[in-house]
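Asks: As input, take structure_6.pdb (PDB, C-alpha atoms):
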ATOM      1  CA  MET A 120      -2.095  -0.703 -28.083
ATOM      2  CA  LEU A 121      -1.749  -4.244 -29.449
ATOM      3  CA  GLN A 122      -1.989  -5.152 -33.133
ATOM      4  CA  VAL A 123      -3.053  -8.774 -33.715
ATOM      5  CA  SER A 124      -1.979 -10.526 -36.903
ATOM      6  CA  LYS A 125      -4.344 -12.603 -39.038
ATOM      7  CA  ALA A 126      -1.842 -15.464 -38.846
ATOM      8  CA  TRP A 127      -2.066 -15.497 -35.044
ATOM      9  CA  LYS A 128      -5.859 -15.585 -35.137
ATOM     10  CA  GLN A 129      -5.804 -18.482 -37.590
ATOM     11  CA  PHE A 130      -3.074 -20.390 -35.756
ATOM     12  CA  PHE A 131      -4.567 -19.981 -32.262
ATOM     13  CA  PRO A 132      -8.378 -19.947 -32.539
ATOM     14  CA  GLY A 133      -9.946 -19.290 -29.164
ATOM     15  CA  ALA A 134      -6.750 -17.898 -27.630
ATOM     16  CA  GLY A 135      -6.466 -14.437 -26.117
ATOM     17  CA  VAL A 136      -3.923 -11.952 -24.841
ATOM     18  CA  GLY A 137      -4.836  -9.628 -22.001
ATOM     19  CA  VAL A 138      -3.232  -6.209 -21.711
ATOM     20  CA  MET A 139      -3.376  -3.795 -18.791
ATOM     21  CA  LEU A 140      -1.673  -0.407 -18.707
ATOM     22  CA  LEU A 141      -1.180   1.225 -15.306
ATOM     23  CA  ASP A 142       0.160   4.738 -14.714
ATOM     24  CA  GLN A 143       1.263   6.561 -11.563
ATOM     25  CA  VAL A 144       2.748   3.432  -9.986
ATOM     26  CA  SER A 145       5.684   2.918  -7.645
ATOM     27  CA  ASN A 146       7.868  -0.147  -7.158
ATOM     28  CA  PRO A 147       8.842  -0.544  -3.487
ATOM     29  CA  THR A 148      11.135  -3.322  -2.349
ATOM     30  CA  PHE A 149       8.868  -4.001   0.641
ATOM     31  CA  ASN A 150       5.254  -3.209   1.516
ATOM     32  CA  GLU A 151       3.531  -4.538   4.624
ATOM     33  CA  PRO A 152      -0.037  -4.725   3.198
ATOM     34  CA  LEU A 153       1.332  -6.626   0.208
ATOM     35  CA  GLU A 154       3.139  -9.044   2.539
ATOM     36  CA  ILE A 155      -0.111  -9.720   4.367
ATOM     37  CA  GLU A 156      -1.873 -10.354   1.059
ATOM     38  CA  LYS A 157       0.877 -12.789   0.032
ATOM     39  CA  ARG A 158       0.225 -14.919   3.114
ATOM     40  CA  CYS A 159      -3.485 -14.940   2.223
ATOM     41  CA  VAL A 160      -2.752 -16.095  -1.335
ATOM     42  CA  GLU A 161      -0.485 -18.859  -0.036
ATOM     43  CA  ALA A 162      -3.112 -20.048   2.457
ATOM     44  CA  GLU A 163      -5.839 -20.040  -0.203
ATOM     45  CA  LEU A 164      -3.717 -22.115  -2.571
ATOM     46  CA  ARG A 165      -2.845 -24.679   0.107
ATOM     47  CA  ALA A 166      -6.507 -25.016   1.022
ATOM     48  CA  LYS A 167      -7.606 -25.310  -2.608
ATOM     49  CA  PHE A 168      -5.219 -28.052  -3.735
ATOM     50  CA  ALA A 169      -4.982 -31.113  -1.517
ATOM     51  CA  ASP A 170      -2.362 -32.911  -3.613
ATOM     52  CA  ARG A 171      -0.400 -32.758  -6.858
ATOM     53  CA  GLN A 172      -3.110 -34.579  -8.803
ATOM     54  CA  ALA A 173      -5.686 -31.966  -7.822
ATOM     55  CA  LEU A 174      -3.296 -29.293  -9.043
ATOM     56  CA  ALA A 175      -2.593 -31.100 -12.314
ATOM     57  CA  ASP A 176      -6.344 -31.474 -12.902
ATOM     58  CA  SER A 177      -6.844 -27.692 -12.970
ATOM     59  CA  PRO A 178      -8.351 -26.831 -16.396
ATOM     60  CA  ILE A 179      -6.159 -23.731 -16.633
ATOM     61  CA  LEU A 180      -2.950 -25.622 -15.918
ATOM     62  CA  LYS A 181      -4.013 -28.323 -18.374
ATOM     63  CA  ALA A 182      -4.424 -25.707 -21.115
ATOM     64  CA  TYR A 183      -0.878 -24.446 -20.528
ATOM     65  CA  ALA A 184       0.494 -27.991 -20.190
ATOM     66  CA  ASP A 185      -0.947 -28.848 -23.599
ATOM     67  CA  TYR A 186       0.649 -25.763 -25.114
ATOM     68  CA  TYR A 187       4.073 -26.329 -23.538
ATOM     69  CA  LYS A 188       4.026 -30.023 -24.472
ATOM     70  CA  LYS A 189       4.230 -29.056 -28.150
ATOM     71  CA  PHE A 190       7.664 -27.603 -27.387
ATOM     72  CA  ALA A 191       8.747 -30.450 -25.065
ATOM     73  CA  LYS A 192       8.553 -28.058 -22.106
ATOM     74  CA  THR A 193       6.721 -28.030 -18.777
ATOM     75  CA  TYR A 194       4.729 -25.066 -17.494
ATOM     76  CA  HIS A 195       6.981 -23.342 -14.966
ATOM     77  CA  VAL A 196       4.098 -21.680 -13.080
ATOM     78  CA  GLN A 197       2.846 -25.143 -12.119
ATOM     79  CA  GLN A 198       6.284 -25.959 -10.725
ATOM     80  CA  GLN A 199       6.252 -22.714  -8.731
ATOM     81  CA  LEU A 200       2.804 -23.572  -7.402
ATOM     82  CA  GLU A 201       4.063 -26.953  -6.230
ATOM     83  CA  SER A 202       6.870 -25.243  -4.314
ATOM     84  CA  VAL A 203       4.454 -22.923  -2.508
ATOM     85  CA  ILE A 204       1.680 -25.449  -1.877
ATOM     86  CA  PHE A 205       3.557 -28.656  -1.130
ATOM     87  CA  LYS A 206       7.019 -27.515  -0.054
ATOM     88  CA  GLY A 207       5.968 -24.588   2.134
ATOM     89  CA  LYS A 208       7.892 -21.968   0.157
ATOM     90  CA  SER A 209       6.842 -18.328   0.548
ATOM     91  CA  ILE A 210       6.295 -15.806  -2.215
ATOM     92  CA  PRO A 211       9.533 -13.782  -2.155
ATOM     93  CA  SER A 212       9.908 -10.045  -1.630
ATOM     94  CA  VAL A 213      11.605  -8.522  -4.669
ATOM     95  CA  ALA A 214       9.763  -5.440  -5.917
ATOM     96  CA  GLY A 215       6.098  -4.531  -5.640
ATOM     97  CA  LEU A 216       5.212  -4.458  -9.338
ATOM     98  CA  VAL A 217       6.839  -7.843  -9.902
ATOM     99  CA  GLU A 218       5.385  -9.374  -6.738
ATOM    100  CA  ALA A 219       1.844  -8.270  -7.657
ATOM    101  CA  MET A 220       2.208 -10.026 -10.996
ATOM    102  CA  PHE A 221       3.679 -13.191  -9.469
ATOM    103  CA  MET A 222       0.993 -13.366  -6.769
ATOM    104  CA  ALA A 223      -1.737 -13.242  -9.408
ATOM    105  CA  GLU A 224       0.112 -15.801 -11.556
ATOM    106  CA  LEU A 225       0.076 -18.255  -8.660
ATOM    107  CA  LYS A 226      -3.477 -17.429  -7.593
ATOM    108  CA  ASN A 227      -4.935 -17.811 -11.097
ATOM    109  CA  GLY A 228      -2.364 -19.906 -12.973
ATOM    110  CA  LEU A 229      -2.185 -17.448 -15.881
ATOM    111  CA  LEU A 230       1.143 -16.669 -17.562
ATOM    112  CA  THR A 231       1.978 -12.958 -17.272
ATOM    113  CA  ALA A 232       4.797 -10.643 -18.333
ATOM    114  CA  GLY A 233       5.449  -7.124 -17.073
ATOM    115  CA  HIS A 234       7.147  -4.282 -18.965
ATOM    116  CA  ASP A 235       8.179  -0.712 -18.230
ATOM    117  CA  CYS A 236       5.957   1.231 -20.617
ATOM    118  CA  GLN A 237       8.453   4.062 -20.982
ATOM    119  CA  THR A 238      10.959   1.672 -22.594
ATOM    120  CA  LEU A 239       8.480   0.347 -25.163
ATOM    121  CA  GLN A 240       8.443   1.540 -28.758
ATOM    122  CA  LEU A 241       4.724   1.324 -29.531
ATOM    123  CA  PRO A 242       2.672  -0.137 -31.066
ATOM    124  CA  LEU A 243       2.939  -3.717 -29.878
ATOM    125  CA  ALA A 244       2.382  -6.551 -32.343
ATOM    126  CA  LEU A 245       1.124 -10.045 -31.491
ATOM    127  CA  ASP A 246       1.982 -12.831 -33.919
ATOM    128  CA  THR A 247       2.961 -16.465 -34.230
ATOM    129  CA  VAL A 248       6.651 -17.095 -34.830
ATOM    130  CA  SER A 249       7.300 -18.129 -38.418
ATOM    131  CA  GLN A 250      10.732 -16.674 -39.078
ATOM    132  CA  ASP A 251      14.062 -16.265 -37.310
ATOM    133  CA  GLU A 252      13.724 -13.795 -34.449
ATOM    134  CA  GLN A 253      15.976 -13.332 -31.443
ATOM    135  CA  TYR A 254      15.887 -11.274 -28.268
ATOM    136  CA  VAL A 255      17.792 -10.851 -25.031
ATOM    137  CA  LEU A 256      16.184 -12.563 -22.045
ATOM    138  CA  MET A 257      16.070 -11.252 -18.479
ATOM    139  CA  ASN A 258      19.251 -13.202 -17.692
ATOM    140  CA  GLY A 259      21.153 -11.454 -20.495
ATOM    141  CA  LYS A 260      21.176 -14.505 -22.781
ATOM    142  CA  GLU A 261      20.310 -14.051 -26.446
ATOM    143  CA  GLN A 262      17.508 -16.426 -27.369
ATOM    144  CA  ALA A 263      15.929 -17.478 -30.655
ATOM    145  CA  VAL A 264      12.130 -17.569 -30.499
ATOM    146  CA  LYS A 265      10.697 -21.016 -31.180
ATOM    147  CA  PRO A 266       8.737 -21.414 -34.441
ATOM    148  CA  GLY A 267       5.042 -21.842 -33.695
ATOM    149  CA  ASP A 268       5.204 -19.973 -30.369
ATOM    150  CA  MET A 269       3.274 -16.786 -29.590
ATOM    151  CA  ARG A 270       5.331 -13.646 -29.328
ATOM    152  CA  ILE A 271       4.862  -9.899 -28.866
ATOM    153  CA  ARG A 272       7.251  -7.297 -30.197
ATOM    154  CA  ASP A 273       7.461  -3.536 -30.346
ATOM    155  CA  THR A 274       9.113  -1.625 -33.184
ATOM    156  CA  SER A 275      12.553  -2.368 -31.705
ATOM    157  CA  GLY A 276      12.200  -6.124 -31.314
ATOM    158  CA  VAL A 277      10.625  -9.007 -29.398
ATOM    159  CA  ILE A 278       9.609  -8.207 -25.819
ATOM    160  CA  SER A 279       8.208 -11.605 -24.801
ATOM    161  CA  SER A 280       7.175 -15.076 -25.910
ATOM    162  CA  ILE A 281       5.312 -17.815 -24.080
ATOM    163  CA  ILE A 282       8.119 -20.371 -24.005
ATOM    164  CA  HIS A 283      11.024 -18.057 -23.184
ATOM    165  CA  GLY A 284       9.352 -15.238 -21.247
ATOM    166  CA  PRO A 285      10.024 -11.479 -21.127
ATOM    167  CA  ASP A 286      13.016  -9.559 -22.424
ATOM    168  CA  GLN A 287      15.683  -7.586 -20.607
ATOM    169  CA  ARG A 288      15.299  -4.315 -22.541
ATOM    170  CA  THR A 289      11.773  -3.491 -21.295
ATOM    171  CA  ARG A 290      11.979  -5.063 -17.842
ATOM    172  CA  ILE A 291      10.397  -3.474 -14.778
ATOM    173  CA  THR A 292      12.912  -1.551 -12.637
ATOM    174  CA  THR A 293      12.930   0.446  -9.412
ATOM    175  CA  ASP A 294      12.289   3.564 -11.519
ATOM    176  CA  THR A 295       9.211   2.228 -13.331
ATOM    177  CA  GLN A 296       6.280   4.627 -13.110
ATOM    178  CA  LYS A 297       4.113   3.268 -15.917
ATOM    179  CA  VAL A 298       3.742  -0.479 -16.399
ATOM    180  CA  VAL A 299       2.191  -2.824 -18.954
ATOM    181  CA  TYR A 300       1.083  -6.306 -17.951
ATOM    182  CA  VAL A 301       0.531  -8.879 -20.688
ATOM    183  CA  VAL A 302      -1.279 -12.190 -20.130
ATOM    184  CA  TYR A 303      -0.878 -15.029 -22.613
ATOM    185  CA  ALA A 304      -3.983 -17.252 -22.621
ATOM    186  CA  PRO A 305      -3.790 -20.268 -24.962
ATOM    187  CA  PRO A 306      -6.959 -21.905 -26.291
ATOM    188  CA  GLY A 307      -9.160 -23.299 -23.532
ATOM    189  CA  ILE A 308      -8.948 -20.327 -21.158
ATOM    190  CA  ALA A 309     -12.014 -18.082 -20.947
ATOM    191  CA  HIS A 310     -11.364 -14.412 -21.605
ATOM    192  CA  LYS A 311     -13.328 -13.429 -18.492
ATOM    193  CA  LEU A 312     -10.707 -15.254 -16.394
ATOM    194  CA  VAL A 313      -8.002 -13.122 -18.008
ATOM    195  CA  LEU A 314      -9.868  -9.932 -17.061
ATOM    196  CA  GLN A 315     -10.348 -11.179 -13.492
ATOM    197  CA  HIS A 316      -6.629 -11.951 -13.355
ATOM    198  CA  LEU A 317      -5.712  -8.438 -14.498
ATOM    199  CA  SER A 318      -8.088  -7.013 -11.902
ATOM    200  CA  ASP A 319      -6.272  -9.023  -9.223
ATOM    201  CA  ILE A 320      -2.951  -7.505 -10.285
ATOM    202  CA  HIS A 321      -4.505  -4.041 -10.212
ATOM    203  CA  ARG A 322      -5.855  -4.689  -6.708
ATOM    204  CA  TYR A 323      -2.427  -5.798  -5.467
ATOM    205  CA  VAL A 324      -0.698  -2.770  -7.014
ATOM    206  CA  LYS A 325      -3.166  -0.455  -5.262
ATOM    207  CA  LEU A 326      -1.888  -1.750  -1.918
ATOM    208  CA  PHE A 327       1.427   0.067  -2.409
ATOM    209  CA  ALA A 328       0.450   2.595  -5.119
ATOM    210  CA  PRO A 329      -3.016   3.907  -4.082
ATOM    211  CA  GLY A 330      -2.906   6.628  -6.742
ATOM    212  CA  VAL A 331      -2.497   4.146  -9.613
ATOM    213  CA  GLN A 332      -4.455   4.961 -12.767
ATOM    214  CA  MET A 333      -5.695   2.211 -15.102
ATOM    215  CA  LEU A 334      -5.422   3.413 -18.689
ATOM    216  CA  GLU A 335      -6.328   0.149 -20.418
ATOM    217  CA  GLN A 336      -7.584  -3.314 -19.537
ATOM    218  CA  GLN A 337      -8.786  -5.623 -22.294
ATOM    219  CA  VAL A 338      -8.396  -8.994 -23.975
ATOM    220  CA  TYR A 339      -7.329  -9.175 -27.596
ATOM    221  CA  SER A 340      -8.308 -12.176 -29.699
TER     222      SER A 340
END
As a first step, turn the structure in this file into structure tokens.

Replies:
Amino acid sequence: MLQVSKAWKQFFPGAGVGVMLLDQVSNPTFNEPLEIEKRCVEAELRAKFADRQALADSPILKAYADYYKKFAKTYHVQQQLESVIFKGKSIPSVAGLVEAMFMAELKNGLLTAGHDCQTLQLPLALDTVSQDEQYVLMNGKEQAVKPGDMRIRDTSGVISSIIHGPDQRTRITTDTQKVVYVVYAPPGIAHKLVLQHLSDIHRYVKLFAPGVQMLEQQVYS
């Protein structure tokens, strides 16, 4: 499902990208079992991290911080974690497929993008950015991909990059029935953690889509 370029392998030794394809899903705006699980995730995070230094010392967050620093950016998932852990914010209710992804992002710290599989023009291609490429972000803004960043595209264009996130064209909607989750893992993050992270997303999706079928789950490197 994902073609990995030689340039990416050479540029990011030790990195990985996890891909999970789920079929027969639904995307409810509210699900009580999922809400209960959210509260559990929040409680676990608040118990795990006593202060901001403990959070910053997380090896996973350090790996992302090192990556983002090259682009003069900060890792937004860490900022979201701080809001939940130290400011008492709750994980919002938006749509089940998005919430499952966000819950796992917070729980594990791993950067994830979700796409409606039926909008993708396969195959997907993973590469490092070395030429001018642009795509439309979720907010409708056209964005140039930063040279040296990781990006994935289908035959129609870029669908996500680490620094700027997922695109608008392949976004998850209320009608999504088949979804692809992509996890960007820069060097320093064990591939087994990526697989565990994808399994967490799958477990959350099963709460509101018990008939979900997993068609693929693997890490490319």

Asks: Apply the PyMOL selection byres ((chain A and resi 303) around 8) to the structure shown and report the selected residues as number ranges by chain.

Replies: A: 135-137, 229-231, 281, 301-302, 304-305

Asks: Counting all atoms listed in the file, select every polymer residue within 10 Å of (-9.2, -13.5, -12.1) as defined in the file's coordinates, and provide the selection as a ChimeraX atom specification.

Replies: /A:223-224,226-229,310-320

Asks: Calculated over only C-alpha atoms, which of the candidates A:Thr295, A:Ser280, A:Gln122, A:Gln199 has the smallest distance to Pro242 in chain A?

Replies: A:Gln122

Asks: Do a neighbour search on range 170-184 of chain A at 6 Å with all atoms listed in the file, toss out local chain neighbours closer than 4 positions, and write the hits as a PyMOL selection string.

Replies: chain A and resi 188+194+307

Asks: Here is a test: counting only C-alpha atoms, which residue of A:Phe221, A:Phe131, A:Tyr187, A:Phe327 is nearest to Thr148 in chain A?

Replies: A:Phe327

Asks: Evaluated on this file, the PyMOL selection byres ((chain A and resi 276) around 10) picks out some residues - which ones are they, written as a ChimeraX atom specification?

Replies: /A:239-240,243-244,252-255,271-275,277-279,286,288

Asks: Work out how far apart CA of Pro152 in chain A and CA of Gly215 in chain A are and give it in Å to one decimal.

Replies: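 Between CA of Pro152 in chain A and CA of Gly215 in chain A the gap works out to 10.8 Å.
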
Asks: Calculated over all atoms listed in the file, which of the candidates A:Lys265, A:Arg270, A:Lys192, A:Arg322 has the smallest distance to Trp127 in chain A?

Replies: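 Closest to Trp127 in chain A of all the choices is A:Arg270.
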
Asks: For Thr292 in chain A, find every residue with an atom within 10 Å (counting all atoms listed in the file), except residues of its own chain fewer than 4 positions away, and show them as a list in words.

Replies: Ser145, Asn146, Ala214, Leu216, Val217, His234, Asp235, Gln296 and Val298 of chain A

Asks: Based on the selection just made, write C-alpha atoms of those residues as an mmCIF file, keeping the file's coordinate frame.

Replies:
data_model
loop_
_atom_site.group_PDB
_atom_site.id
_atom_site.type_symbol
_atom_site.label_atom_id
_atom_site.label_comp_id
_atom_site.auth_asym_id
_atom_site.auth_seq_id
_atom_site.Cartn_x
_atom_site.Cartn_y
_atom_site.Cartn_z
ATOM 1 C CA SER A 145 5.684 2.918 -7.645
ATOM 2 C CA ASN A 146 7.868 -0.147 -7.158
ATOM 3 C CA ALA A 214 9.763 -5.440 -5.917
ATOM 4 C CA LEU A 216 5.212 -4.458 -9.338
ATOM 5 C CA VAL A 217 6.839 -7.843 -9.902
ATOM 6 C CA HIS A 234 7.147 -4.282 -18.965
ATOM 7 C CA ASP A 235 8.179 -0.712 -18.230
ATOM 8 C CA GLN A 296 6.280 4.627 -13.110
ATOM 9 C CA VAL A 298 3.742 -0.479 -16.399
#

Asks: How far is it from CA of Tyr339 in chain A to CA of His321 in chain A, in Å with one decimal?

Replies: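 Answer for the CA of Tyr339 in chain A to CA of His321 in chain A separation: 18.3 Å.
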
Asks: Could you state the separation of CA of Ser202 in chain A and CA of Phe168 in chain A in Å, given to one decimal place?

Replies: 12.4 Å

Asks: Render range 169-207 of chain A from the structure in the preceding block as a file of N, CA and C atoms, as a PDB file, in the first residue's frame.

Replies:
ATOM      1  N   ALA A 169       3.844  13.861  36.367  1.00  0.00           N
ATOM      2  CA  ALA A 169       3.629  14.705  37.542  1.00  0.00           C
ATOM      3  C   ALA A 169       3.798  16.187  37.232  1.00  0.00           C
ATOM      4  N   ASP A 170       4.680  16.501  36.272  1.00  0.00           N
ATOM      5  CA  ASP A 170       4.928  17.902  35.936  1.00  0.00           C
ATOM      6  C   ASP A 170       5.411  17.999  34.488  1.00  0.00           C
ATOM      7  N   ARG A 171       5.617  19.241  34.037  1.00  0.00           N
ATOM      8  CA  ARG A 171       6.017  19.458  32.650  1.00  0.00           C
ATOM      9  C   ARG A 171       7.391  18.871  32.332  1.00  0.00           C
ATOM     10  N   GLN A 172       8.286  18.846  33.314  1.00  0.00           N
ATOM     11  CA  GLN A 172       9.609  18.287  33.070  1.00  0.00           C
ATOM     12  C   GLN A 172       9.525  16.785  32.814  1.00  0.00           C
ATOM     13  N   ALA A 173       8.667  16.106  33.585  1.00  0.00           N
ATOM     14  CA  ALA A 173       8.483  14.672  33.369  1.00  0.00           C
ATOM     15  C   ALA A 173       7.939  14.404  31.973  1.00  0.00           C
ATOM     16  N   LEU A 174       7.055  15.273  31.521  1.00  0.00           N
ATOM     17  CA  LEU A 174       6.505  15.125  30.171  1.00  0.00           C
ATOM     18  C   LEU A 174       7.592  15.366  29.128  1.00  0.00           C
ATOM     19  N   ALA A 175       8.361  16.418  29.307  1.00  0.00           N
ATOM     20  CA  ALA A 175       9.410  16.762  28.343  1.00  0.00           C
ATOM     21  C   ALA A 175      10.492  15.697  28.282  1.00  0.00           C
ATOM     22  N   ASP A 176      10.661  14.941  29.368  1.00  0.00           N
ATOM     23  CA  ASP A 176      11.689  13.899  29.420  1.00  0.00           C
ATOM     24  C   ASP A 176      11.269  12.606  28.733  1.00  0.00           C
ATOM     25  N   SER A 177      10.029  12.527  28.268  1.00  0.00           N
ATOM     26  CA  SER A 177       9.566  11.333  27.556  1.00  0.00           C
ATOM     27  C   SER A 177      10.430  11.096  26.321  1.00  0.00           C
ATOM     28  N   PRO A 178      11.015   9.914  26.171  1.00  0.00           N
ATOM     29  CA  PRO A 178      11.868   9.636  24.993  1.00  0.00           C
ATOM     30  C   PRO A 178      11.137   9.841  23.669  1.00  0.00           C
ATOM     31  N   ILE A 179       9.851   9.498  23.639  1.00  0.00           N
ATOM     32  CA  ILE A 179       9.085   9.674  22.400  1.00  0.00           C
ATOM     33  C   ILE A 179       8.937  11.144  22.065  1.00  0.00           C
ATOM     34  N   LEU A 180       8.563  11.951  23.057  1.00  0.00           N
ATOM     35  CA  LEU A 180       8.397  13.381  22.805  1.00  0.00           C
ATOM     36  C   LEU A 180       9.734  14.033  22.457  1.00  0.00           C
ATOM     37  N   LYS A 181      10.812  13.539  23.049  1.00  0.00           N
ATOM     38  CA  LYS A 181      12.135  14.070  22.706  1.00  0.00           C
ATOM     39  C   LYS A 181      12.483  13.794  21.247  1.00  0.00           C
ATOM     40  N   ALA A 182      12.126  12.607  20.760  1.00  0.00           N
ATOM     41  CA  ALA A 182      12.405  12.268  19.359  1.00  0.00           C
ATOM     42  C   ALA A 182      11.679  13.217  18.413  1.00  0.00           C
ATOM     43  N   TYR A 183      10.411  13.510  18.719  1.00  0.00           N
ATOM     44  CA  TYR A 183       9.657  14.457  17.888  1.00  0.00           C
ATOM     45  C   TYR A 183      10.191  15.873  18.058  1.00  0.00           C
ATOM     46  N   ALA A 184      10.543  16.260  19.286  1.00  0.00           N
ATOM     47  CA  ALA A 184      11.071  17.602  19.524  1.00  0.00           C
ATOM     48  C   ALA A 184      12.332  17.839  18.710  1.00  0.00           C
ATOM     49  N   ASP A 185      13.193  16.821  18.645  1.00  0.00           N
ATOM     50  CA  ASP A 185      14.418  16.938  17.855  1.00  0.00           C
ATOM     51  C   ASP A 185      14.104  17.112  16.373  1.00  0.00           C
ATOM     52  N   TYR A 186      13.107  16.402  15.909  1.00  0.00           N
ATOM     53  CA  TYR A 186      12.721  16.506  14.494  1.00  0.00           C
ATOM     54  C   TYR A 186      12.153  17.894  14.198  1.00  0.00           C
ATOM     55  N   TYR A 187      11.217  18.338  15.022  1.00  0.00           N
ATOM     56  CA  TYR A 187      10.554  19.628  14.791  1.00  0.00           C
ATOM     57  C   TYR A 187      11.526  20.796  14.931  1.00  0.00           C
ATOM     58  N   LYS A 188      12.539  20.627  15.788  1.00  0.00           N
ATOM     59  CA  LYS A 188      13.500  21.702  16.028  1.00  0.00           C
ATOM     60  C   LYS A 188      14.241  22.069  14.751  1.00  0.00           C
ATOM     61  N   LYS A 189      14.441  21.094  13.871  1.00  0.00           N
ATOM     62  CA  LYS A 189      15.133  21.353  12.605  1.00  0.00           C
ATOM     63  C   LYS A 189      14.356  22.332  11.732  1.00  0.00           C
ATOM     64  N   PHE A 190      13.059  22.443  11.991  1.00  0.00           N
ATOM     65  CA  PHE A 190      12.203  23.340  11.210  1.00  0.00           C
ATOM     66  C   PHE A 190      11.737  24.541  12.039  1.00  0.00           C
ATOM     67  N   ALA A 191      12.388  24.734  13.198  1.00  0.00           N
ATOM     68  CA  ALA A 191      12.045  25.830  14.115  1.00  0.00           C
ATOM     69  C   ALA A 191      10.584  25.747  14.550  1.00  0.00           C
ATOM     70  N   LYS A 192      10.118  24.523  14.787  1.00  0.00           N
ATOM     71  CA  LYS A 192       8.742  24.281  15.212  1.00  0.00           C
ATOM     72  C   LYS A 192       8.740  23.504  16.532  1.00  0.00           C
ATOM     73  N   THR A 193       7.609  23.545  17.228  1.00  0.00           N
ATOM     74  CA  THR A 193       7.426  22.728  18.422  1.00  0.00           C
ATOM     75  C   THR A 193       6.390  21.655  18.130  1.00  0.00           C
ATOM     76  N   TYR A 194       6.510  20.524  18.801  1.00  0.00           N
ATOM     77  CA  TYR A 194       5.628  19.389  18.563  1.00  0.00           C
ATOM     78  C   TYR A 194       4.261  19.669  19.181  1.00  0.00           C
ATOM     79  N   HIS A 195       3.247  19.801  18.333  1.00  0.00           N
ATOM     80  CA  HIS A 195       1.931  20.234  18.810  1.00  0.00           C
ATOM     81  C   HIS A 195       1.262  19.203  19.715  1.00  0.00           C
ATOM     82  N   VAL A 196       1.572  17.914  19.555  1.00  0.00           N
ATOM     83  CA  VAL A 196       0.969  16.900  20.418  1.00  0.00           C
ATOM     84  C   VAL A 196       1.409  17.113  21.872  1.00  0.00           C
ATOM     85  N   GLN A 197       2.647  17.544  22.078  1.00  0.00           N
ATOM     86  CA  GLN A 197       3.103  17.835  23.427  1.00  0.00           C
ATOM     87  C   GLN A 197       2.309  18.996  24.033  1.00  0.00           C
ATOM     88  N   GLN A 198       2.012  19.991  23.231  1.00  0.00           N
ATOM     89  CA  GLN A 198       1.203  21.113  23.710  1.00  0.00           C
ATOM     90  C   GLN A 198      -0.211  20.652  24.066  1.00  0.00           C
ATOM     91  N   GLN A 199      -0.764  19.753  23.262  1.00  0.00           N
ATOM     92  CA  GLN A 199      -2.099  19.218  23.556  1.00  0.00           C
ATOM     93  C   GLN A 199      -2.082  18.389  24.827  1.00  0.00           C
ATOM     94  N   LEU A 200      -1.008  17.643  25.031  1.00  0.00           N
ATOM     95  CA  LEU A 200      -0.865  16.861  26.261  1.00  0.00           C
ATOM     96  C   LEU A 200      -0.827  17.779  27.483  1.00  0.00           C
ATOM     97  N   GLU A 201      -0.112  18.869  27.383  1.00  0.00           N
ATOM     98  CA  GLU A 201      -0.034  19.811  28.496  1.00  0.00           C
ATOM     99  C   GLU A 201      -1.410  20.364  28.846  1.00  0.00           C
ATOM    100  N   SER A 202      -2.223  20.615  27.831  1.00  0.00           N
ATOM    101  CA  SER A 202      -3.580  21.126  28.079  1.00  0.00           C
ATOM    102  C   SER A 202      -4.439  20.113  28.832  1.00  0.00           C
ATOM    103  N   VAL A 203      -4.324  18.849  28.463  1.00  0.00           N
ATOM    104  CA  VAL A 203      -5.116  17.802  29.114  1.00  0.00           C
ATOM    105  C   VAL A 203      -4.594  17.510  30.521  1.00  0.00           C
ATOM    106  N   ILE A 204      -3.271  17.387  30.642  1.00  0.00           N
ATOM    107  CA  ILE A 204      -2.687  16.956  31.916  1.00  0.00           C
ATOM    108  C   ILE A 204      -2.664  18.071  32.950  1.00  0.00           C
ATOM    109  N   PHE A 205      -2.224  19.261  32.540  1.00  0.00           N
ATOM    110  CA  PHE A 205      -1.971  20.318  33.512  1.00  0.00           C
ATOM    111  C   PHE A 205      -3.036  21.411  33.557  1.00  0.00           C
ATOM    112  N   LYS A 206      -3.877  21.477  32.528  1.00  0.00           N
ATOM    113  CA  LYS A 206      -4.916  22.503  32.511  1.00  0.00           C
ATOM    114  C   LYS A 206      -6.317  21.924  32.662  1.00  0.00           C
ATOM    115  N   GLY A 207      -6.401  20.590  32.801  1.00  0.00           N
ATOM    116  CA  GLY A 207      -7.685  19.951  33.037  1.00  0.00           C
ATOM    117  C   GLY A 207      -8.622  19.910  31.848  1.00  0.00           C
TER     118      GLY A 207
END
